[in-house]
file model09.txt (compact mmCIF, N, CA and C atoms)
# COMPACT_ATOMS: atom_id res chain seq x y z
N MET Z 1 1.71 -5.96 -1.98
CA MET Z 1 1.11 -5.85 -0.68
C MET Z 1 1.07 -4.38 -0.26
N ALA Z 2 -0.01 -3.98 0.36
CA ALA Z 2 -0.16 -2.61 0.84
C ALA Z 2 0.82 -2.36 1.98
N GLU Z 3 1.30 -1.13 2.09
CA GLU Z 3 2.25 -0.79 3.14
C GLU Z 3 1.55 -0.29 4.40
N ARG Z 4 0.28 0.07 4.29
CA ARG Z 4 -0.47 0.56 5.45
C ARG Z 4 -1.87 -0.04 5.42
N LEU Z 5 -2.40 -0.22 6.61
CA LEU Z 5 -3.76 -0.71 6.76
C LEU Z 5 -4.64 0.46 7.18
N GLN Z 6 -5.71 0.67 6.47
CA GLN Z 6 -6.66 1.72 6.84
C GLN Z 6 -7.96 1.06 7.29
N CYS Z 7 -8.42 1.47 8.45
CA CYS Z 7 -9.73 1.02 8.95
C CYS Z 7 -10.71 2.15 8.69
N VAL Z 8 -11.74 1.84 7.93
CA VAL Z 8 -12.70 2.84 7.49
C VAL Z 8 -13.98 2.70 8.30
N SER Z 9 -14.47 3.83 8.78
CA SER Z 9 -15.71 3.85 9.57
C SER Z 9 -16.89 3.51 8.67
N PRO Z 10 -17.75 2.58 9.09
CA PRO Z 10 -18.94 2.29 8.31
C PRO Z 10 -20.00 3.40 8.42
N VAL Z 11 -19.80 4.29 9.36
CA VAL Z 11 -20.77 5.38 9.57
C VAL Z 11 -20.65 6.43 8.48
N ASP Z 12 -19.41 6.89 8.23
CA ASP Z 12 -19.24 7.98 7.26
C ASP Z 12 -18.11 7.75 6.26
N ASP Z 13 -17.59 6.54 6.20
CA ASP Z 13 -16.51 6.17 5.28
C ASP Z 13 -15.22 6.95 5.51
N SER Z 14 -15.06 7.56 6.69
CA SER Z 14 -13.80 8.23 7.00
C SER Z 14 -12.79 7.20 7.50
N VAL Z 15 -11.51 7.51 7.34
CA VAL Z 15 -10.47 6.63 7.85
C VAL Z 15 -10.41 6.83 9.37
N PHE Z 16 -10.73 5.78 10.10
CA PHE Z 16 -10.77 5.83 11.56
C PHE Z 16 -9.36 5.71 12.14
N VAL Z 17 -8.58 4.82 11.58
CA VAL Z 17 -7.21 4.62 12.04
C VAL Z 17 -6.39 4.05 10.88
N GLU Z 18 -5.12 4.39 10.88
CA GLU Z 18 -4.21 3.89 9.85
C GLU Z 18 -2.95 3.39 10.55
N ARG Z 19 -2.51 2.19 10.18
CA ARG Z 19 -1.34 1.58 10.81
C ARG Z 19 -0.43 1.00 9.74
N PRO Z 20 0.88 1.03 10.00
CA PRO Z 20 1.80 0.39 9.05
C PRO Z 20 1.68 -1.13 9.14
N LEU Z 21 1.89 -1.79 8.02
CA LEU Z 21 1.90 -3.24 7.99
C LEU Z 21 3.35 -3.73 8.06
N ALA Z 22 3.56 -4.85 8.71
CA ALA Z 22 4.89 -5.45 8.77
C ALA Z 22 5.23 -6.05 7.41
N ASP Z 23 6.50 -5.94 7.04
CA ASP Z 23 6.91 -6.60 5.80
C ASP Z 23 7.36 -8.03 6.14
N GLU Z 24 7.71 -8.81 5.13
CA GLU Z 24 8.03 -10.22 5.37
C GLU Z 24 9.26 -10.39 6.25
N HIS Z 25 10.20 -9.45 6.19
CA HIS Z 25 11.40 -9.55 7.04
C HIS Z 25 11.04 -9.29 8.51
N GLU Z 26 10.17 -8.32 8.76
CA GLU Z 26 9.74 -8.03 10.13
C GLU Z 26 8.94 -9.21 10.70
N ILE Z 27 8.12 -9.81 9.87
CA ILE Z 27 7.33 -10.97 10.31
C ILE Z 27 8.26 -12.14 10.62
N ALA Z 28 9.23 -12.40 9.74
CA ALA Z 28 10.17 -13.50 9.96
C ALA Z 28 10.97 -13.28 11.25
N ALA Z 29 11.39 -12.04 11.49
CA ALA Z 29 12.15 -11.74 12.71
C ALA Z 29 11.29 -11.96 13.96
N ALA Z 30 10.03 -11.56 13.89
CA ALA Z 30 9.13 -11.77 15.03
C ALA Z 30 8.91 -13.25 15.29
N LEU Z 31 8.76 -14.03 14.23
CA LEU Z 31 8.59 -15.47 14.40
C LEU Z 31 9.85 -16.12 14.97
N ASP Z 32 11.01 -15.65 14.53
CA ASP Z 32 12.27 -16.17 15.08
C ASP Z 32 12.39 -15.86 16.57
N ARG Z 33 12.02 -14.64 16.95
CA ARG Z 33 12.08 -14.27 18.38
C ARG Z 33 11.11 -15.12 19.19
N ALA Z 34 9.93 -15.35 18.65
CA ALA Z 34 8.94 -16.17 19.36
C ALA Z 34 9.44 -17.60 19.52
N ALA Z 35 10.03 -18.15 18.47
CA ALA Z 35 10.56 -19.52 18.54
C ALA Z 35 11.68 -19.61 19.56
N ALA Z 36 12.53 -18.60 19.62
CA ALA Z 36 13.64 -18.59 20.58
C ALA Z 36 13.13 -18.44 22.01
N ALA Z 37 12.02 -17.75 22.18
CA ALA Z 37 11.48 -17.52 23.53
C ALA Z 37 10.78 -18.77 24.10
N GLY Z 38 10.34 -19.67 23.23
CA GLY Z 38 9.60 -20.85 23.69
C GLY Z 38 10.32 -21.66 24.75
N PRO Z 39 11.56 -22.07 24.50
CA PRO Z 39 12.26 -22.87 25.52
C PRO Z 39 12.48 -22.10 26.83
N ILE Z 40 12.71 -20.80 26.72
CA ILE Z 40 12.90 -19.98 27.93
C ILE Z 40 11.60 -19.96 28.73
N TRP Z 41 10.47 -19.76 28.05
CA TRP Z 41 9.17 -19.73 28.72
C TRP Z 41 8.88 -21.08 29.38
N ARG Z 42 9.12 -22.17 28.65
CA ARG Z 42 8.86 -23.51 29.19
C ARG Z 42 9.72 -23.80 30.42
N ALA Z 43 10.91 -23.22 30.49
CA ALA Z 43 11.82 -23.46 31.61
C ALA Z 43 11.42 -22.68 32.87
N LEU Z 44 10.59 -21.66 32.70
CA LEU Z 44 10.17 -20.88 33.88
C LEU Z 44 9.23 -21.72 34.75
N PRO Z 45 9.37 -21.60 36.05
CA PRO Z 45 8.41 -22.27 36.93
C PRO Z 45 6.99 -21.74 36.66
N VAL Z 46 6.03 -22.61 36.88
CA VAL Z 46 4.62 -22.25 36.63
C VAL Z 46 4.24 -20.99 37.41
N ALA Z 47 4.69 -20.86 38.64
CA ALA Z 47 4.34 -19.68 39.45
C ALA Z 47 4.86 -18.40 38.80
N ASP Z 48 6.04 -18.45 38.21
CA ASP Z 48 6.59 -17.27 37.53
C ASP Z 48 5.77 -16.94 36.28
N ARG Z 49 5.40 -17.96 35.52
CA ARG Z 49 4.57 -17.72 34.33
C ARG Z 49 3.23 -17.14 34.73
N GLN Z 50 2.66 -17.66 35.82
CA GLN Z 50 1.38 -17.15 36.30
C GLN Z 50 1.49 -15.68 36.68
N ALA Z 51 2.57 -15.32 37.35
CA ALA Z 51 2.76 -13.92 37.76
C ALA Z 51 2.88 -13.01 36.55
N ILE Z 52 3.62 -13.45 35.54
CA ILE Z 52 3.79 -12.65 34.32
C ILE Z 52 2.44 -12.47 33.62
N LEU Z 53 1.68 -13.56 33.48
CA LEU Z 53 0.38 -13.47 32.81
C LEU Z 53 -0.62 -12.65 33.61
N SER Z 54 -0.56 -12.75 34.93
CA SER Z 54 -1.44 -11.94 35.78
C SER Z 54 -1.14 -10.46 35.61
N SER Z 55 0.14 -10.14 35.56
CA SER Z 55 0.55 -8.75 35.34
C SER Z 55 0.09 -8.26 33.97
N ALA Z 56 0.21 -9.11 32.97
CA ALA Z 56 -0.25 -8.73 31.63
C ALA Z 56 -1.75 -8.50 31.61
N ALA Z 57 -2.50 -9.36 32.29
CA ALA Z 57 -3.96 -9.20 32.36
C ALA Z 57 -4.32 -7.90 33.07
N ASP Z 58 -3.60 -7.57 34.14
CA ASP Z 58 -3.85 -6.31 34.85
C ASP Z 58 -3.60 -5.11 33.94
N PHE Z 59 -2.53 -5.20 33.15
CA PHE Z 59 -2.23 -4.11 32.22
C PHE Z 59 -3.33 -3.95 31.18
N VAL Z 60 -3.76 -5.07 30.61
CA VAL Z 60 -4.83 -5.01 29.60
C VAL Z 60 -6.10 -4.41 30.21
N ALA Z 61 -6.43 -4.82 31.43
CA ALA Z 61 -7.61 -4.27 32.09
C ALA Z 61 -7.46 -2.77 32.33
N SER Z 62 -6.26 -2.33 32.69
CA SER Z 62 -6.05 -0.90 32.97
C SER Z 62 -6.10 -0.05 31.70
N GLU Z 63 -5.84 -0.68 30.57
CA GLU Z 63 -5.82 0.04 29.28
C GLU Z 63 -7.01 -0.33 28.40
N ARG Z 64 -8.05 -0.87 29.00
CA ARG Z 64 -9.15 -1.44 28.21
C ARG Z 64 -9.81 -0.42 27.28
N ASP Z 65 -9.93 0.82 27.71
CA ASP Z 65 -10.58 1.80 26.85
C ASP Z 65 -9.76 2.07 25.58
N GLU Z 66 -8.44 2.21 25.74
CA GLU Z 66 -7.58 2.41 24.57
C GLU Z 66 -7.57 1.17 23.69
N ILE Z 67 -7.51 0.01 24.30
CA ILE Z 67 -7.51 -1.24 23.53
C ILE Z 67 -8.82 -1.39 22.76
N ALA Z 68 -9.92 -1.04 23.39
CA ALA Z 68 -11.22 -1.14 22.72
C ALA Z 68 -11.26 -0.26 21.48
N LEU Z 69 -10.66 0.91 21.55
CA LEU Z 69 -10.62 1.78 20.37
C LEU Z 69 -9.84 1.15 19.24
N GLU Z 70 -8.76 0.46 19.57
CA GLU Z 70 -7.94 -0.19 18.55
C GLU Z 70 -8.69 -1.37 17.92
N LEU Z 71 -9.44 -2.10 18.75
CA LEU Z 71 -10.17 -3.25 18.23
C LEU Z 71 -11.35 -2.81 17.41
call {"tool": "encode", "arguments": {"input": "model09.txt", "output": "structure tokens"}}
result
Amino acid sequence: MAERLQCVSPVDDSVFVERPLADEHEIAAALDRAAAAGPIWRALPVADRQAILSSAADFVASERDEIALEL
């Protein structure tokens, strides 16, 4: 498996961005954290979850130009 991901521009074949790839241990740890967070998330009142997601949406909107470059 490659250790880095390179995104190549179709315009001039230059490397537009390069990012490290997670290894299987990092992926397993992330999945474990996500599984552990599930019951905590489910236990939160709906209003609290809504507030967290609204805040996340506001952040994404405020960073949309940077996010667009990454996508």
call {"tool": "atom_distance", "arguments": {"input": "model09.txt", "atom1": "CA of Val17 in chain Z", "atom2": "CA of Glu70 in chain Z"}}
result
8.1 Å
call {"tool": "select_by_dssp", "arguments": {"input": "model09.txt", "residues": "range 3-51 of chain Z", "states": "helix (DSSP H, G or I)", "output": "list of chain:residue names"}}
result
Z:Glu24, Z:His25, Z:Glu26, Z:Ile27, Z:Ala28, Z:Ala29, Z:Ala30, Z:Leu31, Z:Asp32, Z:Arg33, Z:Ala34, Z:Ala35, Z:Ala36, Z:Ala37, Z:Gly38, Z:Pro39, Z:Ile40, Z:Trp41, Z:Arg42, Z:Ala43, Z:Val46, Z:Ala47, Z:Asp48, Z:Arg49, Z:Gln50, Z:Ala51
call {"tool": "atom_distance", "arguments": {"input": "model09.txt", "atom1": "CA of Val46 in chain Z", "atom2": "CA of Ile67 in chain Z"}}
result
27.6 Å
call {"tool": "select_by_dssp", "arguments": {"input": "model09.txt", "residues": "chain Z", "states": "strand (DSSP E or B)", "output": "list in words"}}
result
Arg4, Leu5, Gln6, Cys7, Val8, Val15, Phe16, Val17, Glu18, Arg19 and Pro20 of chain Z
call {"tool": "residues_near_point", "arguments": {"input": "model09.txt", "point": "(3.1, 0.1, 10.2)", "cutoff": "6.5 Å", "atoms": "only N, CA and C atoms", "output": "PyMOL selection string"}}
result
chain Z and resi 3-4+19-22
call {"tool": "atom_distance", "arguments": {"input": "model09.txt", "atom1": "CA of Ser55 in chain Z", "atom2": "CA of Leu31 in chain Z"}}
result
23.4 Å
call {"tool": "closest_residue", "arguments": {"input": "model09.txt", "among": "Z:Ala43, Z:Glu18, Z:Ala30, Z:Asp48", "to": "Gln6 in chain Z", "atoms": "only C-alpha atoms"}}
result
Z:Glu18
call {"tool": "axis_aligned_box", "arguments": {"input": "model09.txt", "around": "range 52-66 of chain Z", "padding_each_side": "8 Å", "output": "AutoDock Vina command-line options"}}
result
--center_x -3.4 --center_y -5.6 --center_z 29.7 --size_x 30.4 --size_y 32.0 --size_z 28.1
call {"tool": "decode", "arguments": {"input": "model09.txt", "residues": "range 4-16 of chain Z", "atoms": "all heavy atoms", "output": "mmCIF file, in the first residue's frame"}}
result
data_model
loop_
_atom_site.group_PDB
_atom_site.id
_atom_site.type_symbol
_atom_site.label_atom_id
_atom_site.label_comp_id
_atom_site.auth_asym_id
_atom_site.auth_seq_id
_atom_site.Cartn_x
_atom_site.Cartn_y
_atom_site.Cartn_z
ATOM 1 N N ARG Z 4 1.523 7.577 0.787
ATOM 2 C CA ARG Z 4 1.019 8.929 0.556
ATOM 3 C C ARG Z 4 0.094 8.905 -0.657
ATOM 4 O O ARG Z 4 0.261 8.116 -1.561
ATOM 5 C CB ARG Z 4 2.170 9.900 0.313
ATOM 6 C CG ARG Z 4 3.090 9.999 1.539
ATOM 7 C CD ARG Z 4 4.116 11.093 1.426
ATOM 8 N NE ARG Z 4 3.595 12.441 1.503
ATOM 9 C CZ ARG Z 4 3.179 13.054 2.608
ATOM 10 N NH1 ARG Z 4 3.178 12.418 3.747
ATOM 11 N NH2 ARG Z 4 2.764 14.299 2.578
ATOM 12 N N LEU Z 5 -0.873 9.797 -0.616
ATOM 13 C CA LEU Z 5 -1.787 9.960 -1.738
ATOM 14 C C LEU Z 5 -1.424 11.250 -2.457
ATOM 15 O O LEU Z 5 -1.295 12.303 -1.823
ATOM 16 C CB LEU Z 5 -3.228 10.054 -1.227
ATOM 17 C CG LEU Z 5 -4.278 10.449 -2.273
ATOM 18 C CD1 LEU Z 5 -4.476 9.310 -3.270
ATOM 19 C CD2 LEU Z 5 -5.582 10.796 -1.598
ATOM 20 N N GLN Z 6 -1.238 11.161 -3.746
ATOM 21 C CA GLN Z 6 -0.960 12.350 -4.547
ATOM 22 C C GLN Z 6 -2.152 12.613 -5.461
ATOM 23 O O GLN Z 6 -2.608 11.706 -6.159
ATOM 24 C CB GLN Z 6 0.286 12.158 -5.408
ATOM 25 C CG GLN Z 6 1.564 12.141 -4.634
ATOM 26 C CD GLN Z 6 2.776 12.086 -5.545
ATOM 27 O OE1 GLN Z 6 2.694 11.649 -6.698
ATOM 28 N NE2 GLN Z 6 3.904 12.527 -5.039
ATOM 29 N N CYS Z 7 -2.634 13.838 -5.426
ATOM 30 C CA CYS Z 7 -3.692 14.260 -6.345
ATOM 31 C C CYS Z 7 -3.023 15.059 -7.454
ATOM 32 O O CYS Z 7 -2.358 16.060 -7.199
ATOM 33 C CB CYS Z 7 -4.731 15.111 -5.621
ATOM 34 S SG CYS Z 7 -5.627 14.178 -4.370
ATOM 35 N N VAL Z 8 -3.194 14.590 -8.666
ATOM 36 C CA VAL Z 8 -2.513 15.169 -9.819
ATOM 37 C C VAL Z 8 -3.496 16.017 -10.612
ATOM 38 O O VAL Z 8 -4.627 15.601 -10.888
ATOM 39 C CB VAL Z 8 -1.914 14.053 -10.696
ATOM 40 C CG1 VAL Z 8 -1.238 14.627 -11.922
ATOM 41 C CG2 VAL Z 8 -0.937 13.211 -9.875
ATOM 42 N N SER Z 9 -3.068 17.215 -10.963
ATOM 43 C CA SER Z 9 -3.897 18.126 -11.744
ATOM 44 C C SER Z 9 -4.064 17.588 -13.161
ATOM 45 O O SER Z 9 -3.078 17.243 -13.818
ATOM 46 C CB SER Z 9 -3.246 19.510 -11.801
ATOM 47 O OG SER Z 9 -3.903 20.311 -12.761
ATOM 48 N N PRO Z 10 -5.302 17.530 -13.657
ATOM 49 C CA PRO Z 10 -5.501 17.106 -15.039
ATOM 50 C C PRO Z 10 -5.068 18.178 -16.048
ATOM 51 O O PRO Z 10 -4.917 17.896 -17.223
ATOM 52 C CB PRO Z 10 -7.009 16.853 -15.124
ATOM 53 C CG PRO Z 10 -7.588 17.715 -14.059
ATOM 54 C CD PRO Z 10 -6.566 17.791 -12.969
ATOM 55 N N VAL Z 11 -4.832 19.374 -15.561
ATOM 56 C CA VAL Z 11 -4.444 20.475 -16.446
ATOM 57 C C VAL Z 11 -3.000 20.325 -16.903
ATOM 58 O O VAL Z 11 -2.702 20.407 -18.093
ATOM 59 C CB VAL Z 11 -4.648 21.836 -15.741
ATOM 60 C CG1 VAL Z 11 -4.130 22.973 -16.609
ATOM 61 C CG2 VAL Z 11 -6.106 22.044 -15.385
ATOM 62 N N ASP Z 12 -2.092 20.101 -15.938
ATOM 63 C CA ASP Z 12 -0.673 20.058 -16.299
ATOM 64 C C ASP Z 12 0.086 18.880 -15.690
ATOM 65 O O ASP Z 12 1.314 18.842 -15.719
ATOM 66 C CB ASP Z 12 0.001 21.371 -15.915
ATOM 67 C CG ASP Z 12 -0.050 21.636 -14.416
ATOM 68 O OD1 ASP Z 12 -0.522 20.761 -13.662
ATOM 69 O OD2 ASP Z 12 0.377 22.734 -14.004
ATOM 70 N N ASP Z 13 -0.634 17.926 -15.129
ATOM 71 C CA ASP Z 13 -0.047 16.736 -14.509
ATOM 72 C C ASP Z 13 0.861 17.044 -13.322
ATOM 73 O O ASP Z 13 1.655 16.199 -12.912
ATOM 74 C CB ASP Z 13 0.718 15.890 -15.530
ATOM 75 C CG ASP Z 13 -0.220 15.199 -16.508
ATOM 76 O OD1 ASP Z 13 -1.348 14.853 -16.104
ATOM 77 O OD2 ASP Z 13 0.172 15.007 -17.674
ATOM 78 N N SER Z 14 0.733 18.242 -12.736
ATOM 79 C CA SER Z 14 1.512 18.548 -11.541
ATOM 80 C C SER Z 14 0.785 17.982 -10.316
ATOM 81 O O SER Z 14 -0.432 17.783 -10.333
ATOM 82 C CB SER Z 14 1.702 20.058 -11.389
ATOM 83 O OG SER Z 14 0.448 20.686 -11.156
ATOM 84 N N VAL Z 15 1.545 17.720 -9.262
ATOM 85 C CA VAL Z 15 0.947 17.242 -8.019
ATOM 86 C C VAL Z 15 0.291 18.449 -7.348
ATOM 87 O O VAL Z 15 0.958 19.414 -6.987
ATOM 88 C CB VAL Z 15 1.996 16.591 -7.099
ATOM 89 C CG1 VAL Z 15 1.368 16.212 -5.765
ATOM 90 C CG2 VAL Z 15 2.604 15.372 -7.773
ATOM 91 N N PHE Z 16 -1.026 18.393 -7.223
ATOM 92 C CA PHE Z 16 -1.792 19.492 -6.639
ATOM 93 C C PHE Z 16 -1.726 19.448 -5.122
ATOM 94 O O PHE Z 16 -1.580 20.468 -4.460
ATOM 95 C CB PHE Z 16 -3.240 19.419 -7.124
ATOM 96 C CG PHE Z 16 -4.119 20.512 -6.598
ATOM 97 C CD1 PHE Z 16 -3.994 21.806 -7.067
ATOM 98 C CD2 PHE Z 16 -5.060 20.242 -5.627
ATOM 99 C CE1 PHE Z 16 -4.803 22.816 -6.586
ATOM 100 C CE2 PHE Z 16 -5.873 21.248 -5.130
ATOM 101 C CZ PHE Z 16 -5.742 22.536 -5.607
#
